[in-house]
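Peer 1: I have a structure here, written as structure tokens, and I will follow up with some questions on it.
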Amino acid sequence: MSCQLTLKNLIRIAVAAMLLAPLYSMADDASRNKEISERFAKCDTNKDGKLTLDEAKGCMPRIYDHFSKIDAQNKGYVTVAEIQTMAAR
């Protein structure tokens, strides 16, 4: 038996890669969301489920820098879900 790559085998490999690619993406999303949730919990000093600009300042600098974009409704706080949604873009 030979280990040469035939066109048929190359097509099989390409199809498998295309089918598996979304699984890697979902794992990345889950990992990213878990990290965001953990950092959010540490930064939310009063544990109200809302991160204010002040709470983000020293703890989540990227959130601090983009706070007004994430808090598009000008509520004065962002939630973990809003941060995760923004991070997924």
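Labels for the structure tokens follow display order: chains A, B, ..., residues from 1 in each chain, ligands from 1.
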Could you list, as a PyMOL selection string, every residue within 9 Å of Ile83 (chain A), counting only C-alpha atoms and ignoring same-chain residues fewer than 6 positions away?
Peer 2: chain A and resi 33+36+63+70
Peer 1: Quick check, in Å to one decimal: how far apart do CA of Gly76 (chain A) and CA of Phe40 (chain A) lie?
Peer 2: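 Between these atoms lies a distance of 15.6 Å.
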Peer 1: How many Å separate CA of Arg12 (chain A) from CA of Asp29 (chain A)?
Peer 2: 26.7 Å
Peer 1: Find the residue from A:Ala87, A:Ala72, A:Ala30, A:Val78 that sits nearest to Asp54 (chain A); use only C-alpha atoms when measuring.
Peer 2: A:Val78
Peer 1: Can you work out the spacing between CA of Met60 (chain A) and CA of Lys34 (chain A) in Å, to one decimal?
Peer 2: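 Between CA of Met60 (chain A) and CA of Lys34 (chain A) the gap works out to 14.7 Å.
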